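J.: What follows is data.cif, made up of mmCIF, C-alpha atoms:
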```
data_target
#
loop_
_atom_site.label_atom_id
_atom_site.label_comp_id
_atom_site.auth_asym_id
_atom_site.auth_seq_id
_atom_site.Cartn_x
_atom_site.Cartn_y
_atom_site.Cartn_z
CA MET A 187 0.00 0.00 0.00
CA THR A 188 3.00 2.35 -0.37
CA ALA A 189 1.86 5.14 -2.66
CA GLY A 190 5.03 5.31 -4.76
CA THR A 191 3.57 8.21 -6.74
CA SER A 192 2.42 11.74 -5.99
CA SER A 193 -0.79 11.08 -7.97
CA PHE A 194 -3.53 9.41 -5.94
CA SER A 195 -5.51 8.54 -9.09
CA GLU A 196 -2.45 6.75 -10.51
CA PHE A 197 -2.09 4.90 -7.22
CA LEU A 198 -5.74 3.78 -7.46
CA MET A 199 -5.17 2.70 -11.04
CA GLN A 200 -2.48 0.33 -9.81
CA VAL A 201 -4.19 -1.13 -6.74
CA ALA A 202 -7.95 -0.67 -7.24
CA PRO A 203 -8.79 0.61 -10.74
CA GLU A 204 -12.46 -0.30 -10.30
CA LEU A 205 -12.77 2.62 -7.85
CA LEU A 206 -12.00 5.18 -10.57
CA PRO A 207 -15.15 6.62 -12.19
CA GLY A 208 -13.86 6.14 -15.74
CA ARG A 209 -12.76 2.53 -15.19
CA ARG A 210 -16.17 1.07 -14.36
CA PRO A 211 -17.36 -1.32 -17.08
CA LEU A 212 -20.64 -0.41 -18.75
CA PRO A 213 -22.67 -2.38 -21.30
CA PRO A 214 -22.88 -0.85 -24.80
CA GLY A 215 -25.27 2.05 -25.21
CA ASP A 216 -25.92 5.67 -24.33
CA PHE A 217 -26.67 6.31 -20.64
CA ALA A 218 -27.18 10.07 -20.71
CA ALA A 219 -30.87 9.75 -19.80
CA VAL A 220 -30.34 7.71 -16.62
CA SER A 221 -28.47 10.33 -14.59
CA ALA A 222 -29.19 13.80 -13.29
CA HIS A 223 -27.32 16.57 -15.08
CA ALA A 224 -25.78 19.62 -13.45
CA THR A 225 -25.99 22.83 -15.40
CA THR A 226 -24.65 26.38 -15.32
CA ILE A 227 -21.40 27.56 -13.68
CA VAL A 228 -19.76 31.00 -14.12
CA ALA A 229 -16.33 32.29 -13.10
CA LEU A 230 -14.89 35.82 -13.20
CA ARG A 231 -11.47 37.34 -12.54
CA THR A 232 -11.46 40.21 -10.05
CA ALA A 233 -8.94 42.69 -8.70
CA GLU A 234 -8.44 40.34 -5.72
CA GLY A 235 -8.62 36.91 -7.39
CA VAL A 236 -11.60 35.00 -8.77
CA VAL A 237 -15.31 34.48 -8.10
CA MET A 238 -17.17 31.29 -9.10
CA ALA A 239 -20.92 30.69 -8.86
CA GLY A 240 -23.34 27.92 -9.79
CA ASP A 241 -27.10 27.52 -9.87
CA ARG A 242 -28.82 24.84 -7.78
CA ARG A 243 -30.81 22.83 -10.34
CA ALA A 244 -30.16 19.34 -11.72
CA THR A 245 -32.34 17.84 -14.45
CA MET A 246 -33.16 14.50 -16.09
CA GLY A 247 -34.64 15.39 -19.44
CA ASN A 248 -37.60 17.66 -18.76
CA TYR A 249 -37.76 16.56 -15.11
CA ILE A 250 -36.20 18.64 -12.31
CA SER A 251 -34.40 15.98 -10.30
CA SER A 252 -32.94 18.35 -7.70
CA ARG A 253 -33.55 21.96 -6.76
CA ASP A 254 -30.73 22.34 -4.24
CA ILE A 255 -27.70 20.52 -5.65
CA GLU A 256 -24.33 22.18 -5.08
CA LYS A 257 -21.94 22.30 -8.04
CA VAL A 258 -19.15 24.65 -6.86
CA PHE A 259 -16.51 23.40 -4.42
CA PRO A 260 -13.12 24.38 -3.00
CA ALA A 261 -10.47 22.30 -4.77
CA ASP A 262 -7.92 23.27 -2.12
CA GLY A 263 -6.96 26.31 -0.06
CA TYR A 264 -6.57 28.64 -3.08
CA SER A 265 -8.62 27.13 -5.90
CA LEU A 266 -12.21 26.33 -6.88
CA VAL A 267 -13.86 23.80 -9.15
CA GLY A 268 -17.37 23.71 -10.59
CA ILE A 269 -18.98 20.88 -12.55
CA ALA A 270 -21.51 20.54 -15.34
CA GLY A 271 -22.73 17.32 -16.94
CA THR A 272 -23.43 14.02 -15.20
CA ALA A 273 -24.02 15.15 -11.62
CA GLY A 274 -23.16 11.97 -9.72
CA LEU A 275 -19.90 11.40 -11.58
CA GLY A 276 -19.05 15.09 -11.38
CA ILE A 277 -19.35 15.19 -7.60
CA GLU A 278 -17.32 11.98 -7.33
CA LEU A 279 -14.67 13.45 -9.63
CA VAL A 280 -14.44 16.57 -7.48
CA LYS A 281 -13.93 14.50 -4.31
CA LEU A 282 -11.23 12.46 -6.02
CA TYR A 283 -9.59 15.66 -7.30
CA GLN A 284 -9.57 17.22 -3.83
CA LEU A 285 -7.88 14.08 -2.54
CA GLU A 286 -5.48 14.16 -5.49
CA LEU A 287 -4.24 17.64 -4.57
CA GLU A 288 -3.99 16.80 -0.87
CA HIS A 289 -2.12 13.58 -1.61
CA TYR A 290 0.38 15.37 -3.86
CA GLU A 291 1.14 17.93 -1.18
CA LYS A 292 1.68 15.24 1.46
CA ILE A 293 3.97 13.17 -0.76
CA GLU A 294 5.99 16.06 -2.27
CA GLY A 295 5.94 18.37 0.74
CA ALA A 296 4.70 21.30 -1.36
CA PRO A 297 1.49 22.07 -3.25
CA LEU A 298 1.19 21.98 -7.02
CA THR A 299 1.31 25.29 -8.87
CA LEU A 300 -2.06 26.57 -10.04
CA ASN A 301 -1.21 25.60 -13.60
CA GLY A 302 -0.15 22.16 -12.37
CA LYS A 303 -3.49 21.73 -10.59
CA ALA A 304 -5.34 22.54 -13.82
CA ASN A 305 -3.20 20.07 -15.78
CA ARG A 306 -3.81 17.36 -13.18
CA LEU A 307 -7.57 17.87 -13.55
CA ALA A 308 -7.25 17.58 -17.33
CA THR A 309 -5.41 14.27 -16.91
CA MET A 310 -8.20 12.92 -14.73
CA LEU A 311 -10.77 13.94 -17.35
CA ARG A 312 -8.92 11.96 -20.02
CA GLY A 313 -9.33 8.90 -17.83
CA ASN A 314 -13.12 9.32 -18.07
CA LEU A 315 -13.23 9.47 -21.87
CA GLY A 316 -14.73 6.00 -22.27
CA ILE A 317 -17.82 6.64 -20.19
CA ALA A 318 -18.07 10.19 -21.55
CA LEU A 319 -18.55 8.71 -25.02
CA GLN A 320 -21.44 6.68 -23.56
CA GLY A 321 -23.24 9.83 -22.51
CA LEU A 322 -21.86 10.19 -18.96
CA ALA A 323 -19.71 13.24 -19.58
CA VAL A 324 -18.45 15.65 -16.93
CA VAL A 325 -17.04 19.07 -17.82
CA PRO A 326 -15.43 21.13 -15.02
CA LEU A 327 -14.51 24.78 -14.67
CA PHE A 328 -11.41 25.51 -12.60
CA ALA A 329 -10.29 28.84 -11.13
CA GLY A 330 -7.96 29.99 -8.41
CA PHE A 331 -5.55 32.46 -6.90
CA ASP A 332 -1.98 31.92 -8.10
CA VAL A 333 0.25 32.48 -5.07
CA ASP A 334 3.28 32.42 -7.40
CA ALA A 335 2.01 35.21 -9.68
CA ALA A 336 4.34 38.15 -10.27
CA SER A 337 1.62 40.64 -9.30
CA LEU A 338 -1.90 40.72 -7.88
CA ASP A 339 -3.23 41.71 -11.29
CA GLU A 340 -2.08 38.34 -12.66
CA ALA A 341 -3.07 36.19 -9.68
CA GLY A 342 -6.67 35.34 -10.61
CA LYS A 343 -6.80 32.60 -13.27
CA ILE A 344 -9.57 30.60 -14.92
CA TYR A 345 -9.27 27.33 -16.87
CA SER A 346 -11.91 25.63 -18.98
CA PHE A 347 -11.86 22.05 -20.31
CA ASP A 348 -13.48 19.92 -22.95
CA VAL A 349 -14.75 16.40 -22.52
CA VAL A 350 -11.54 14.81 -23.83
CA GLY A 351 -9.32 16.66 -21.35
CA GLY A 352 -8.33 19.66 -23.44
CA ILE A 353 -7.39 22.60 -21.21
CA TYR A 354 -7.80 26.29 -22.05
CA ALA A 355 -6.73 29.35 -20.06
CA GLU A 356 -9.52 31.93 -20.09
CA ARG A 357 -8.76 35.62 -20.10
CA ASP A 358 -11.40 37.28 -17.89
CA PHE A 359 -14.48 35.10 -17.42
CA ASP A 360 -16.12 31.89 -18.59
CA SER A 361 -19.22 29.77 -18.17
CA ILE A 362 -20.06 26.10 -18.69
CA GLY A 363 -23.29 24.11 -18.80
CA SER A 364 -26.54 24.32 -20.70
CA GLY A 365 -27.12 27.97 -19.76
CA SER A 366 -23.56 29.08 -20.52
CA MET A 367 -24.44 30.87 -23.76
CA PHE A 368 -26.89 33.14 -21.95
CA ALA A 369 -24.65 33.59 -18.91
CA LYS A 370 -21.71 34.60 -21.10
CA SER A 371 -23.86 37.13 -22.93
CA SER A 372 -24.77 38.68 -19.58
CA LEU A 373 -21.15 38.69 -18.42
CA LYS A 374 -20.03 40.46 -21.61
CA LYS A 375 -22.33 43.37 -20.84
CA ARG A 376 -21.48 43.71 -17.14
CA TYR A 377 -17.86 42.66 -16.73
CA ARG A 378 -14.95 45.08 -16.24
CA ARG A 379 -11.36 44.12 -15.55
CA ASP A 380 -11.04 46.32 -12.46
CA ILE A 381 -14.06 44.97 -10.55
CA GLY A 382 -13.84 44.10 -6.89
CA THR A 383 -15.13 40.91 -5.32
CA GLU A 384 -18.41 42.41 -4.10
CA GLU A 385 -19.38 43.66 -7.55
CA ALA A 386 -18.24 40.41 -9.17
CA VAL A 387 -20.58 38.46 -6.87
CA LYS A 388 -23.50 40.59 -8.06
CA ILE A 389 -22.51 40.16 -11.71
CA ALA A 390 -22.19 36.39 -11.26
CA VAL A 391 -25.63 36.09 -9.63
CA GLU A 392 -27.17 38.28 -12.32
CA SER A 393 -25.62 36.19 -15.10
CA LEU A 394 -27.12 33.04 -13.56
CA TYR A 395 -30.49 34.82 -13.38
CA ASP A 396 -30.21 35.63 -17.10
CA ALA A 397 -29.26 32.03 -17.88
CA ALA A 398 -32.28 30.74 -15.94
CA ASP A 399 -34.50 33.18 -17.82
CA ASP A 400 -33.74 31.44 -21.14
CA ASP A 401 -32.54 27.95 -20.20
CA SER A 402 -35.06 25.65 -18.54
CA ALA A 403 -32.29 23.46 -17.07
CA THR A 404 -30.81 26.36 -15.09
CA GLY A 405 -32.46 27.25 -11.79
CA GLY A 406 -32.90 30.90 -10.86
CA PRO A 407 -33.01 32.31 -7.31
CA ASP A 408 -35.90 30.73 -5.40
CA PRO A 409 -37.00 32.97 -2.47
CA THR A 410 -40.01 30.72 -1.80
CA ARG A 411 -37.74 27.77 -0.92
CA ASP A 412 -34.89 30.01 0.27
CA LEU A 413 -32.56 28.61 -2.40
CA TYR A 414 -29.86 30.79 -3.95
CA PRO A 415 -26.71 30.20 -6.03
CA VAL A 416 -23.56 28.86 -4.42
CA VAL A 417 -20.89 31.58 -4.71
CA MET A 418 -17.24 31.11 -3.75
CA THR A 419 -14.11 33.24 -3.96
CA ALA A 420 -10.39 32.50 -4.13
CA THR A 421 -8.12 35.34 -3.05
CA ALA A 422 -4.88 35.87 -1.15
CA GLU A 423 -6.88 34.97 1.96
CA GLY A 424 -7.75 31.57 0.52
CA SER A 425 -10.86 29.97 -0.93
CA LYS A 426 -14.13 30.52 0.88
CA ARG A 427 -17.87 30.42 0.35
CA ILE A 428 -19.85 33.66 0.39
CA ASP A 429 -22.40 33.58 3.18
CA GLU A 430 -25.80 32.48 1.89
CA ALA A 431 -27.51 35.45 3.54
CA VAL A 432 -25.28 37.80 1.52
CA VAL A 433 -26.04 35.92 -1.71
CA ALA A 434 -29.77 36.03 -0.86
CA ASP A 435 -29.63 39.83 -0.49
CA VAL A 436 -27.83 40.13 -3.83
CA ALA A 437 -30.35 37.83 -5.53
CA ARG A 438 -33.31 39.74 -4.11
CA SER A 439 -31.83 43.02 -5.39
CA VAL A 440 -31.47 41.47 -8.87
CA ILE A 441 -35.07 40.25 -8.76
CA ALA A 442 -36.30 43.68 -7.63
CA ALA A 443 -34.41 45.42 -10.45
CA ARG A 444 -35.86 43.01 -13.01
CA THR A 445 -39.35 43.57 -11.61
CA GLU A 446 -38.96 47.23 -12.55
CA ASN A 447 -37.18 46.47 -15.82
CA PRO A 448 -37.71 42.87 -17.01
CA TYR A 449 -35.05 43.16 -19.72
CA GLY A 450 -32.20 44.26 -17.47
#
```
Would you encode the structure as structure tokens?

T.:
Amino acid sequence: MTAGTSSFSEFLMQVAPELLPGRRPLPPGDFAAVSAHATTIVALRTAEGVVMAGDRRATMGNYISSRDIEKVFPADGYSLVGIAGTAGLGIELVKLYQLELEHYEKIEGAPLTLNGKANRLATMLRGNLGIALQGLAVVPLFAGFDVDAASLDEAGKIYSFDVVGGIYAERDFDSIGSGSMFAKSSLKKRYRRDIGTEEAVKIAVESLYDAADDDSATGGPDPTRDLYPVVMTATAEGSKRIDEAVVADVARSVIAARTENPYG
């Protein structure tokens, strides 16, 4: 049981490959319809780092399978990861990724660089290619604060991925999931490169509201059930979740503004 490698997923591949999501044998066919799907995630660079937010809805076809799923998580002390696609596998992948980063730091005595963390996530995605081709795809969005950056202006970084493990550094903001087209359109109108964290949180929540307005798979703020987006930040102070009461106030202000002007 000696690890012998700084990669926990490689260690599992050697001793218990059946525990890896992408190594489970499936019969032929497309299984996209048998699992809940997570939808829209957004991420923005700020003057202090990054903000990431996700709606709370998961769907199976035209059925809302969950109204309060969480899709944004801390990857480690300075980075965040959000998932879209097959919800169950996505959450499992995030847990394995969190363990992957922790394992590396324990074995090597130092954490991976932010770019190294993104590359490690891409490698794990490539291991899921087989089941992705059978309809059980997971696509993450990764963002974090680069403690090795030359300046604060360069510290916030965002990485997107495709289903085969391709990795792409995004300049200022990005969105994934079924509502991403509408969320990106909203971000284009609101985003500025000098925004602070507080304003970025409002922009993120508003972009998810716009996505929910046009995409039935994306859930908007739900004051009746007291459900609001999950919003997290990664700054020099580390990764943390914005208090739900703060997000609720932001969401209610967005709803009130749209009540006066439905088109933003």

J.: As an exercise, work out the distance from atom CA of A:Ile389 to atom CA of A:Val433 in Å and give it to one decimal place.

T.: 11.4 Å

J.: A:Leu275: which residues within 9 Å, counting only C-alpha atoms, same-chain residues fewer than 3 positions away excluded, as a list in words?

T.: Pro207, Gly271, Thr272, Glu278, Leu279, Val280, Leu322, Ala323 and Val324 of chain A

J.: Tell me which residues the PyMOL selection byres ((chain A and resi 287) around 10) grabs here, as a ChimeraX atom specification.

T.: /A:192-194,261-262,282-286,288-292,297-298,302-303,306-307

J.: What gap, in Å, lies between atom CA of A:Phe259 and atom CA of A:Thr299?

T.: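 Separating atom CA of A:Phe259 from atom CA of A:Thr299 is a distance of 18.5 Å.
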
J.: Could you tell me which residues the PyMOL selection byres ((chain A and resi 243-245) around 7) returns for this structure, as a PyMOL selection string?

T.: chain A and resi 222-225+241-242+246-255+403-405

J.: Mind writing the picked residues with C-alpha atoms as a PDB file, keeping the file's coordinate frame?

T.:
```
ATOM      1  CA  ALA A 222     -29.190  13.800 -13.290  1.00  0.00           C
ATOM      2  CA  HIS A 223     -27.320  16.570 -15.080  1.00  0.00           C
ATOM      3  CA  ALA A 224     -25.780  19.620 -13.450  1.00  0.00           C
ATOM      4  CA  THR A 225     -25.990  22.830 -15.400  1.00  0.00           C
ATOM      5  CA  ASP A 241     -27.100  27.520  -9.870  1.00  0.00           C
ATOM      6  CA  ARG A 242     -28.820  24.840  -7.780  1.00  0.00           C
ATOM      7  CA  MET A 246     -33.160  14.500 -16.090  1.00  0.00           C
ATOM      8  CA  GLY A 247     -34.640  15.390 -19.440  1.00  0.00           C
ATOM      9  CA  ASN A 248     -37.600  17.660 -18.760  1.00  0.00           C
ATOM     10  CA  TYR A 249     -37.760  16.560 -15.110  1.00  0.00           C
ATOM     11  CA  ILE A 250     -36.200  18.640 -12.310  1.00  0.00           C
ATOM     12  CA  SER A 251     -34.400  15.980 -10.300  1.00  0.00           C
ATOM     13  CA  SER A 252     -32.940  18.350  -7.700  1.00  0.00           C
ATOM     14  CA  ARG A 253     -33.550  21.960  -6.760  1.00  0.00           C
ATOM     15  CA  ASP A 254     -30.730  22.340  -4.240  1.00  0.00           C
ATOM     16  CA  ILE A 255     -27.700  20.520  -5.650  1.00  0.00           C
ATOM     17  CA  ALA A 403     -32.290  23.460 -17.070  1.00  0.00           C
ATOM     18  CA  THR A 404     -30.810  26.360 -15.090  1.00  0.00           C
ATOM     19  CA  GLY A 405     -32.460  27.250 -11.790  1.00  0.00           C
TER      20      GLY A 405
END
```

J.: Ranking A:Ile428, A:Leu373, A:Leu394, A:Ala341 by minimum distance to A:Thr232 and counting all atoms listed in the file, which one comes first?

T.: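 Comparing A:Ile428, A:Leu373, A:Leu394, A:Ala341 against A:Thr232, the winner is A:Ala341.
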
J.: Have a look at A:Glu392, A:Asp332, A:Glu385, A:Asp400 and name the one nearest to A:Gly240; count only C-alpha atoms.

T.: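 For A:Gly240, the nearest of the candidates is A:Glu392.
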
J.: So how many Å separate atom CA of A:Ser361 and atom CA of A:Ala229, to one decimal?

T.: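 About the pair atom CA of A:Ser361 and atom CA of A:Ala229: they are 6.4 Å apart.
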
J.: List as a PyMOL selection string the protein and nucleic acid residues near A:Tyr264, meaning an atom at most 8 Å away when only C-alpha atoms are counted, but skip any in the same chain fewer than 2 places from it.

T.: chain A and resi 260-262+266+330-332+420-422+424-425

J.: Evaluate the PyMOL selection byres ((chain A and resi 436) around 12) here and jot the selected residues down as a PyMOL selection string.

T.: chain A and resi 384-392+395+407+409+414-415+417+428-435+437-443

J.: Give me the residues within 6 Å of A:Arg231 as a compact mmCIF listing (two decimals) with C-alpha atoms, in the coordinates of the input, counting only C-alpha atoms and dropping any in the same chain fewer than 4 places off.

T.:
```
# COMPACT_ATOMS: atom_id res chain seq x y z
CA GLY A 235 -8.62 36.91 -7.39
CA VAL A 236 -11.60 35.00 -8.77
CA GLY A 342 -6.67 35.34 -10.61
CA ASP A 358 -11.40 37.28 -17.89
```
